[in-house]
Amino acid sequence: MKICPKCKSEYRKGFEYCSDCNLKLEDKKDISVIKKSDKVEIEYLMSVSNEIEAKQIEDILKYNGINILKKHRGAGEYLQLYLGMSNLGIDIYVSSDLKEVAENIIIENLNMQKYYEENIDPKNKEDFNQVGDNYNRERKIWIFLIVFSILTIIGLLIYLL
Ligand SMILES: [Zn+2]
């Protein structure tokens with residue numbers, strides 16, 4: 001089967017030129033091969049839970065010359081519009097020939113992040129715990145105050161009645 005590259009008319013074997021366009025016919029197979037190599041196929045890479053995480057992945061990959069496609073899951077797109085933030089999750093896609101590279105970059109970055117978390121300055125770690133201690137202390141004071149107030153009110157009621 002032969003095909004005209006311009007008007008895409010198909011011709012039986014034996015014809016060499018398109019009768020309408022006067023162009024040399026091409027084998028149909030060749031055209032489909034060209035089309036396939038032109039098409040950019042995208043593949044699912046990973047999912048993240050929100051736009052902030054998606055932005056992080058996007059920045060890391062963009063820095064390495066890889067563009068991504070983001071797809072908000074379900075009603076995510078609408079929620080994004082109204083609330084500015086979606087928690088339904090975002091699927092990230094990349095060009096399929098770059099998928100492996102993208103995966104390696106992300107794994108590398110996650111390992112790096114883990115390394116920093118494990119080797120965080122011990123002084124900062126203490127500060128972190130300090131925040132938790134202060135919070136607990138504050139909570140104890142509040143509970144004490146509430147119990148004390150209730151007891152005072154009960155005491156007053158008993159005294160008055
Ligand atoms: Zn033609």
# chains A, B, ... in the order shown; residues from 1 in each chain; ligands from 1
call {"tool": "residues_near_ligand", "arguments": {"ligand": "ligand 1", "cutoff": "9 Å", "atoms": "only C-alpha atoms and all ligand atoms", "output": "JSON, numbers by chain"}}
result
{"A": [3, 4, 5, 6, 7, 8, 9, 10, 17, 18, 19, 20, 21, 22, 23, 24, 25]}
call {"tool": "residues_around", "arguments": {"residues": "A:Glu41", "least_positions_apart": "6", "cutoff": "10 Å", "atoms": "only C-alpha atoms", "output": "list of chain:residue names"}}
result
A:Tyr93, A:Val94, A:Ser95, A:Ser96, A:Asp97
call {"tool": "closest_residue", "arguments": {"among": "A:Ser149, A:Ile68, A:Asp27, A:Arg137", "to": "A:Arg12", "atoms": "only C-alpha atoms"}}
result
A:Asp27
call {"tool": "residues_around", "arguments": {"residues": "stretch 55-57 of chain A", "least_positions_apart": "2", "cutoff": "10 Å", "atoms": "only C-alpha atoms", "output": "number ranges by chain"}}
result
A: 46, 48, 50-53, 59-63, 68, 70, 92, 102, 105-106, 109
call {"tool": "write_last_selection", "arguments": {"atoms": "C-alpha atoms", "output": "tab-separated table (two decimals), in the first residue's frame"}}
result
chain	number	residue	atom	x	y	z
A	46	MET	CA	5.16	9.15	41.03
A	48	VAL	CA	2.76	13.34	45.83
A	50	ASN	CA	0.16	18.23	47.69
A	51	GLU	CA	1.27	21.13	45.51
A	52	ILE	CA	4.25	21.94	47.73
A	53	GLU	CA	5.70	18.46	47.28
A	59	ASP	CA	12.21	22.07	40.80
A	60	ILE	CA	14.62	19.17	41.31
A	61	LEU	CA	13.84	17.70	37.90
A	62	LYS	CA	13.75	21.05	36.12
A	63	TYR	CA	17.20	21.76	37.53
A	68	ILE	CA	7.07	17.20	34.20
A	70	LYS	CA	1.15	17.34	36.83
A	92	ILE	CA	3.50	13.35	38.15
A	102	ALA	CA	14.06	11.15	36.68
A	105	ILE	CA	17.44	11.88	40.45
A	106	ILE	CA	14.55	11.67	42.90
A	109	ASN	CA	17.60	13.58	46.39
call {"tool": "atom_distance", "arguments": {"atom1": "atom CA of A:Asn136", "atom2": "atom CA of A:Phe148"}}
result
18.2 Å
